[in-house]
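**Q** Have a peek at entry33.txt (compact mmCIF, C-alpha atoms).
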# COMPACT_ATOMS: atom_id res chain seq x y z
CA MET A 1 0.00 0.00 0.00
CA ALA A 2 1.39 3.38 -0.96
CA ALA A 3 2.13 5.55 2.05
CA LEU A 4 -0.08 8.31 0.67
CA GLU A 5 -3.05 5.96 1.05
CA LYS A 6 -2.22 5.00 4.64
CA LYS A 7 -5.18 5.62 6.93
CA GLY A 8 -3.72 4.90 10.35
CA PRO A 9 -1.17 6.91 12.35
CA ILE A 10 2.33 7.33 10.99
CA SER A 11 4.54 4.60 12.42
CA ASN A 12 7.67 4.33 10.27
CA ILE A 13 9.74 7.33 9.19
CA VAL A 14 12.98 7.81 7.30
CA ILE A 15 15.07 10.92 7.95
CA VAL A 16 17.63 11.66 5.24
CA ILE A 17 20.50 13.91 6.33
CA ALA A 18 23.48 14.62 4.08
CA MET A 19 26.24 15.50 6.55
CA GLN A 20 27.49 13.71 9.65
CA THR A 21 27.67 17.03 11.53
CA GLU A 22 23.96 17.53 10.86
CA ALA A 23 23.02 13.92 11.60
CA LEU A 24 24.76 13.18 14.91
CA PRO A 25 22.79 15.65 17.09
CA VAL A 26 19.56 14.01 15.88
CA VAL A 27 21.04 10.54 16.45
CA ASN A 28 21.96 11.52 20.01
CA ARG A 29 18.67 13.29 20.76
CA PHE A 30 16.60 10.23 19.85
CA HIS A 31 19.14 7.69 21.17
CA LEU A 32 19.43 6.02 17.79
CA THR A 33 21.97 3.26 17.26
CA GLU A 34 23.94 2.43 14.13
CA ASP A 35 22.71 -0.64 12.27
CA PRO A 36 25.74 -2.94 11.87
CA HIS A 37 24.06 -4.70 8.93
CA PRO A 38 22.07 -2.03 7.07
CA PRO A 39 19.76 -3.27 4.29
CA PHE A 40 21.83 -1.69 1.54
CA PRO A 41 24.09 -3.10 -1.20
CA GLN A 42 27.43 -4.40 0.01
CA GLY A 43 30.24 -1.87 -0.19
CA VAL A 44 28.23 1.36 -0.20
CA PRO A 45 29.15 3.84 2.57
CA TRP A 46 25.53 4.57 3.51
CA VAL A 47 24.78 4.49 7.23
CA ARG A 48 21.48 3.66 8.93
CA TYR A 49 20.74 4.69 12.49
CA ARG A 50 17.57 3.36 14.01
CA GLY A 51 15.47 3.41 17.16
CA THR A 52 12.01 3.98 18.55
CA TYR A 53 10.57 7.17 19.96
CA LYS A 54 7.04 7.23 21.41
CA ASP A 55 5.09 5.25 18.80
CA LEU A 56 7.49 5.84 15.90
CA ASN A 57 10.14 3.68 14.28
CA ILE A 58 12.85 6.16 13.31
CA ASN A 59 15.42 5.42 10.61
CA LEU A 60 18.03 8.09 10.00
CA ILE A 61 19.95 7.56 6.79
CA TRP A 62 23.25 9.35 6.19
CA PRO A 63 25.04 8.76 2.85
CA GLY A 64 28.31 8.31 4.72
CA LYS A 65 31.84 9.30 3.73
CA ASP A 66 33.16 9.11 0.20
CA PRO A 67 35.26 5.91 0.15
CA VAL A 68 38.17 7.60 -1.65
CA LEU A 69 38.24 11.15 -0.27
CA GLY A 70 36.73 10.64 3.18
CA VAL A 71 34.36 13.62 3.04
CA ASP A 72 30.57 13.60 3.44
CA SER A 73 28.84 12.25 0.33
CA VAL A 74 26.85 15.41 -0.30
CA GLY A 75 24.92 16.30 -3.43
CA THR A 76 21.97 15.11 -5.45
CA ILE A 77 23.28 11.74 -6.63
CA SER A 78 24.04 10.31 -3.18
CA SER A 79 20.81 11.68 -1.74
CA ALA A 80 18.67 10.26 -4.55
CA LEU A 81 20.34 6.86 -4.25
CA VAL A 82 19.99 6.55 -0.47
CA THR A 83 16.39 7.79 -0.57
CA TYR A 84 15.50 5.20 -3.21
CA ALA A 85 17.29 2.42 -1.33
CA ALA A 86 15.72 3.40 2.00
CA ILE A 87 12.19 3.47 0.56
CA GLN A 88 12.69 0.07 -1.05
CA ALA A 89 14.17 -1.53 2.06
CA LEU A 90 12.26 0.19 4.87
CA GLN A 91 8.87 1.08 3.33
CA PRO A 92 8.47 4.34 5.28
CA ASP A 93 5.17 6.15 5.77
CA LEU A 94 6.99 9.49 5.61
CA ILE A 95 10.36 10.92 4.59
CA ILE A 96 11.90 13.90 6.35
CA ASN A 97 14.86 15.59 4.67
CA ALA A 98 16.57 17.73 7.29
CA GLY A 99 19.62 19.84 6.61
CA THR A 100 21.33 23.18 6.41
CA ALA A 101 20.89 25.60 3.53
CA GLY A 102 21.93 28.96 2.20
CA GLY A 103 19.35 31.71 2.49
CA PHE A 104 18.59 34.95 0.67
CA LYS A 105 18.22 38.06 2.81
CA ALA A 106 16.30 39.64 -0.07
CA LYS A 107 13.64 36.98 0.60
CA GLY A 108 13.71 37.51 4.37
CA ALA A 109 16.11 34.76 5.46
CA SER A 110 18.49 35.19 8.40
CA ILE A 111 21.19 32.96 9.90
CA GLY A 112 19.55 30.30 12.09
CA ASP A 113 16.09 30.56 10.52
CA VAL A 114 14.35 27.22 10.08
CA PHE A 115 11.99 26.74 7.16
CA ILE A 116 9.48 24.11 6.11
CA VAL A 117 9.70 23.79 2.33
CA SER A 118 6.61 24.17 0.16
CA ASP A 119 8.22 23.58 -3.27
CA CYS A 120 11.48 22.06 -4.54
CA ALA A 121 13.16 22.75 -7.89
CA PHE A 122 16.61 22.53 -9.48
CA HIS A 123 18.63 25.56 -10.61
CA ASP A 124 21.54 23.89 -12.42
CA ARG A 125 19.80 21.56 -14.88
CA ARG A 126 19.49 23.88 -17.85
CA ILE A 127 17.99 22.18 -20.91
CA PRO A 128 16.80 24.98 -23.24
CA ILE A 129 14.48 22.81 -25.35
CA PRO A 130 10.69 23.05 -24.99
CA VAL A 131 9.36 20.78 -22.23
CA PHE A 132 12.87 19.49 -21.47
CA ASP A 133 13.41 22.88 -19.83
CA LEU A 134 10.57 22.13 -17.39
CA TYR A 135 11.93 18.65 -16.79
CA GLY A 136 15.28 20.21 -15.92
CA VAL A 137 13.72 22.55 -13.35
CA GLY A 138 11.92 19.52 -11.94
CA LEU A 139 9.46 21.50 -9.83
CA ARG A 140 7.73 19.39 -7.19
CA LYS A 141 5.57 20.31 -4.25
CA ALA A 142 6.56 19.05 -0.84
CA PHE A 143 3.85 17.35 1.18
CA GLU A 144 1.59 20.08 2.56
CA THR A 145 1.68 20.43 6.34
CA PRO A 146 -0.53 23.40 7.27
CA ASN A 147 -1.27 22.16 10.80
CA LEU A 148 2.39 21.41 11.53
CA VAL A 149 3.47 24.84 10.27
CA LYS A 150 0.82 26.57 12.36
CA GLU A 151 1.45 24.63 15.55
CA LEU A 152 5.24 24.95 15.43
CA ASN A 153 5.14 28.51 14.06
CA LEU A 154 7.67 27.69 11.35
CA LYS A 155 8.40 29.79 8.29
CA VAL A 156 7.54 28.38 4.86
CA ALA A 157 9.79 28.82 1.82
CA LYS A 158 10.56 27.51 -1.63
CA LEU A 159 13.81 25.55 -2.04
CA SER A 160 16.21 25.49 -4.98
CA THR A 161 18.71 22.64 -5.31
CA GLY A 162 22.02 22.37 -7.15
CA ASP A 163 25.24 20.37 -6.94
CA SER A 164 27.52 23.34 -6.23
CA LEU A 165 28.06 25.20 -2.97
CA ASP A 166 28.81 28.44 -4.79
CA MET A 167 26.47 30.16 -7.23
CA THR A 168 27.10 31.22 -10.81
CA GLN A 169 25.23 34.07 -12.44
CA GLN A 170 23.15 31.54 -14.39
CA ASP A 171 22.36 29.68 -11.17
CA GLU A 172 21.26 32.93 -9.56
CA SER A 173 18.90 33.69 -12.44
CA SER A 174 17.38 30.22 -12.14
CA ILE A 175 17.05 30.51 -8.36
CA ILE A 176 15.24 33.82 -8.77
CA ALA A 177 12.97 32.21 -11.38
CA ASN A 178 12.29 29.43 -8.84
CA ASP A 179 11.27 32.13 -6.32
CA ALA A 180 13.47 30.36 -3.78
CA THR A 181 14.30 31.64 -0.30
CA VAL A 182 16.69 28.79 0.49
CA LYS A 183 19.26 26.84 -1.55
CA ASP A 184 20.65 23.39 -0.84
CA MET A 185 22.36 20.42 -2.54
CA GLU A 186 19.85 17.61 -1.93
CA GLY A 187 16.20 18.55 -1.54
CA ALA A 188 14.85 18.49 -5.10
CA ALA A 189 16.55 15.13 -5.75
CA ILE A 190 14.89 13.62 -2.67
CA ALA A 191 11.57 15.17 -3.72
CA TYR A 192 11.94 13.53 -7.15
CA VAL A 193 12.43 10.05 -5.69
CA ALA A 194 9.68 10.48 -3.08
CA ASP A 195 7.26 11.64 -5.77
CA LEU A 196 8.24 8.76 -8.06
CA LEU A 197 7.57 6.17 -5.34
CA LYS A 198 4.57 8.02 -3.87
CA VAL A 199 5.90 8.55 -0.35
CA PRO A 200 5.06 11.88 1.30
CA ALA A 201 8.15 13.98 2.00
CA ILE A 202 8.69 17.07 4.11
CA PHE A 203 11.79 19.25 4.17
CA VAL A 204 13.23 21.08 7.17
CA LYS A 205 16.01 23.52 6.28
CA ALA A 206 18.08 25.73 8.61
CA VAL A 207 20.04 28.70 7.23
CA THR A 208 23.84 28.63 7.72
CA ASP A 209 24.86 31.36 5.28
CA ILE A 210 23.41 34.37 3.52
CA ILE A 211 24.00 33.93 -0.19
CA ASP A 212 23.37 37.56 -1.11
CA GLY A 213 25.39 38.82 1.88
CA ASP A 214 28.93 40.18 2.06
CA LYS A 215 30.76 37.09 3.40
CA PRO A 216 32.17 34.23 1.30
CA THR A 217 29.67 31.33 1.34
CA ALA A 218 32.12 28.60 2.39
CA GLU A 219 33.56 30.70 5.21
CA GLU A 220 30.14 31.68 6.58
CA PHE A 221 28.80 28.13 6.26
CA LEU A 222 31.66 26.66 8.32
CA GLN A 223 31.48 29.50 10.84
CA ASN A 224 27.78 28.93 11.57
CA LEU A 225 27.44 25.18 11.00
CA ALA A 226 27.58 24.05 14.64
CA ALA A 227 25.15 26.66 15.98
CA VAL A 228 22.67 26.24 13.13
CA THR A 229 22.83 22.45 13.39
CA ALA A 230 21.61 22.84 17.00
CA ALA A 231 18.62 24.85 15.73
CA LEU A 232 17.96 22.20 13.08
CA ASP A 233 18.12 19.42 15.66
CA LEU A 234 15.54 21.19 17.84
CA ALA A 235 13.25 21.74 14.84
CA VAL A 236 13.46 18.06 13.88
CA GLU A 237 12.53 17.10 17.44
CA GLN A 238 9.50 19.42 17.31
CA VAL A 239 8.43 17.99 13.95
CA ILE A 240 8.72 14.40 15.19
CA ASN A 241 6.80 15.21 18.37
CA PHE A 242 4.07 16.70 16.18
CA ILE A 243 4.00 13.64 13.91
CA SER A 244 3.77 11.13 16.75
CA GLY A 245 0.32 9.56 16.89
CA LYS A 246 -1.01 11.47 13.89
CA CYS A 247 -2.32 10.28 10.55
CA ILE A 248 -0.90 11.83 7.38
CA SER A 249 -4.19 13.66 6.86
CA GLU A 250 -3.68 15.56 10.13
CA PHE A 251 -0.47 17.26 9.00
Can the structure from this file be put into structure tokens for me?

**A**
Amino acid sequence: MAALEKKGPISNIVIVIAMQTEALPVVNRFHLTEDPHPPFPQGVPWVRYRGTYKDLNINLIWPGKDPVLGVDSVGTISSALVTYAAIQALQPDLIINAGTAGGFKAKGASIGDVFIVSDCAFHDRRIPIPVFDLYGVGLRKAFETPNLVKELNLKVAKLSTGDSLDMTQQDESSIIANDATVKDMEGAAIAYVADLLKVPAIFVKAVTDIIDGDKPTAEEFLQNLAAVTAALDLAVEQVINFISGKCISEF
């Protein structure tokens, strides 16, 4: 049965988080333990943490470290792959993609703001051929959560995804066309897979750097990562507490 058709309360969730620094506070908060034999193909670096909280089975999936370079496996390819594999293996009722993002002060974003995403699109898949251009943008709506947004008093924003931390002029034009407040390197890819397999997905993004500010993105991201990850962790806890015991229709 597709998760979107599920009538009873949510019981099984998958949280996809791209970076270890972002994942570990959530792992610790919910007392999750690493699965020594995750249900993934042999040799992949993907990590599954699991545990129970209230009436929920929680699976946190982190794409792990690149086997050659030893850095977090960030970006759209890793995120799409682990999301697909996790849905196939774990059959979740809901996916939560939690992570940090760049924000635009012109759209009202500040360091430490946490947003629930309403729409996901890509800004670096430019295919200037009719209809292929729309495929490249890949616009998808996140699962609508009006009650969650109201109860937790969270801001709502559109998200634009690309595989680069920096932003070219062409990227910027596309992000503006996407009407995005926040920019990340995973969300739209996860939205694509979730939509394909008909699993509701929500996106929680915390702002580490101001893209249209006066500081270099990489420098500001690293400077604020620890503090903003704490805000993200708290927001994820609030979201999971809200979800506990509720049906998908109550979101």

**Q** List the neighbours of stretch 216-224 of chain A out to 8 Å using all atoms listed in the file; skip same-chain residues closer than 5 positions along the sequence, and give me the result as a list in words.

**A**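 In the requested form, the answer reads Ile111, Leu165, Asp166, Thr208, Asp209, Ile210 and Ile211 of chain A.
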
**Q** Can you pull out the residues contacting stretch 27-30 of chain A? Cut-off 10 Å, using only C-alpha atoms, and skip same-chain residues under 4 positions away; I want them as a short mmCIF file (atom, residue, chain, number, x, y, z; two decimals) with C-alpha atoms, in the coordinates of the input.

**A**
data_model
loop_
_atom_site.label_atom_id
_atom_site.label_comp_id
_atom_site.auth_asym_id
_atom_site.auth_seq_id
_atom_site.Cartn_x
_atom_site.Cartn_y
_atom_site.Cartn_z
CA GLN A 20 27.49 13.71 9.65
CA GLU A 22 23.96 17.53 10.86
CA ALA A 23 23.02 13.92 11.60
CA GLU A 34 23.94 2.43 14.13
CA TYR A 49 20.74 4.69 12.49
CA ARG A 50 17.57 3.36 14.01
CA GLY A 51 15.47 3.41 17.16
CA THR A 52 12.01 3.98 18.55
CA TYR A 53 10.57 7.17 19.96
CA ILE A 58 12.85 6.16 13.31
CA ASN A 59 15.42 5.42 10.61
CA LEU A 60 18.03 8.09 10.00
CA ASP A 233 18.12 19.42 15.66
CA LEU A 234 15.54 21.19 17.84
CA VAL A 236 13.46 18.06 13.88
CA GLU A 237 12.53 17.10 17.44
#

**Q** What's the 7 Å shell around stretch 140-144 of chain A, counting all atoms listed in the file, without same-chain residues fewer than 2 positions away, as a count of residues only?

**A** 11

**Q** Can you pull out every residue within 12 Å of A:Ile175, counting all atoms listed in the file, but drop anything in the same chain fewer than 2 positions away, and send it as an NGL selection string?

**A** :A and (102-104 or 107 or 120-126 or 137 or 139 or 158-162 or 167-173 or 177-184 or 211-212)

**Q** Nearest to A:Ile95 among A:Leu81, A:Ala18, A:Leu152, A:Val193, with distances taken over all atoms listed in the file: which residue is it?

**A**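 The answer is A:Val193, which sits nearest to A:Ile95.
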
**Q** Quote the spacing between atom CA of A:Asp55 and atom CA of A:Pro25 in Å to one decimal place.

**A**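 Interatomic distance, atom CA of A:Asp55 to atom CA of A:Pro25: 20.6 Å.
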
**Q** One number please: atom CA of A:Ala231 to atom CA of A:Val114, in Å, one decimal.

**A**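 Separation of atom CA of A:Ala231 and atom CA of A:Val114: 7.5 Å.
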
**Q** Taking the partial coordinates given, rebuild stretch 135-149 of chain A to contain N, CA, C and O atoms; return it as a CSV table (one decimal), in the frame of the given file.

**A**
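Listed below is the output, part_17.csv:
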chain,number,residue,atom,x,y,z
A,135,TYR,N,11.4,19.9,-17.4
A,135,TYR,CA,11.9,18.6,-16.8
A,135,TYR,C,13.2,19.0,-16.0
A,135,TYR,O,13.4,18.5,-14.9
A,136,GLY,N,14.1,19.8,-16.6
A,136,GLY,CA,15.3,20.2,-15.9
A,136,GLY,C,15.0,20.9,-14.6
A,136,GLY,O,15.7,20.6,-13.6
A,137,VAL,N,14.1,21.8,-14.6
A,137,VAL,CA,13.7,22.6,-13.4
A,137,VAL,C,13.1,21.6,-12.3
A,137,VAL,O,13.4,21.7,-11.1
A,138,GLY,N,12.4,20.6,-12.8
A,138,GLY,CA,11.9,19.5,-11.9
A,138,GLY,C,11.1,20.0,-10.7
A,138,GLY,O,11.2,19.4,-9.6
A,139,LEU,N,10.2,20.9,-10.9
A,139,LEU,CA,9.5,21.5,-9.8
A,139,LEU,C,8.5,20.4,-9.2
A,139,LEU,O,7.8,19.8,-9.9
A,140,ARG,N,8.6,20.3,-7.9
A,140,ARG,CA,7.7,19.4,-7.2
A,140,ARG,C,7.3,20.0,-5.9
A,140,ARG,O,8.1,20.7,-5.2
A,141,LYS,N,6.1,19.8,-5.5
A,141,LYS,CA,5.6,20.3,-4.2
A,141,LYS,C,6.0,19.3,-3.2
A,141,LYS,O,5.9,18.1,-3.3
A,142,ALA,N,6.4,19.9,-2.0
A,142,ALA,CA,6.6,19.0,-0.8
A,142,ALA,C,5.2,18.7,-0.3
A,142,ALA,O,4.2,19.3,-0.7
A,143,PHE,N,5.1,17.7,0.6
A,143,PHE,CA,3.8,17.4,1.2
A,143,PHE,C,3.4,18.5,2.0
A,143,PHE,O,4.1,19.1,2.8
A,144,GLU,N,2.1,18.9,1.9
A,144,GLU,CA,1.6,20.1,2.6
A,144,GLU,C,1.3,19.8,4.0
A,144,GLU,O,0.7,18.7,4.4
A,145,THR,N,1.8,20.7,4.9
A,145,THR,CA,1.7,20.4,6.3
A,145,THR,C,1.2,21.7,7.0
A,145,THR,O,1.8,22.3,7.9
A,146,PRO,N,0.0,22.1,6.7
A,146,PRO,CA,-0.5,23.4,7.3
A,146,PRO,C,-0.7,23.4,8.8
A,146,PRO,O,-0.4,24.4,9.5
A,147,ASN,N,-1.1,22.2,9.3
A,147,ASN,CA,-1.3,22.2,10.8
A,147,ASN,C,0.1,22.1,11.5
A,147,ASN,O,0.2,22.8,12.6
A,148,LEU,N,1.0,21.4,11.0
A,148,LEU,CA,2.4,21.4,11.5
A,148,LEU,C,3.0,22.8,11.5
A,148,LEU,O,3.6,23.3,12.5
A,149,VAL,N,2.9,23.5,10.4
A,149,VAL,CA,3.5,24.8,10.3
A,149,VAL,C,2.8,25.8,11.3
A,149,VAL,O,3.5,26.6,11.9
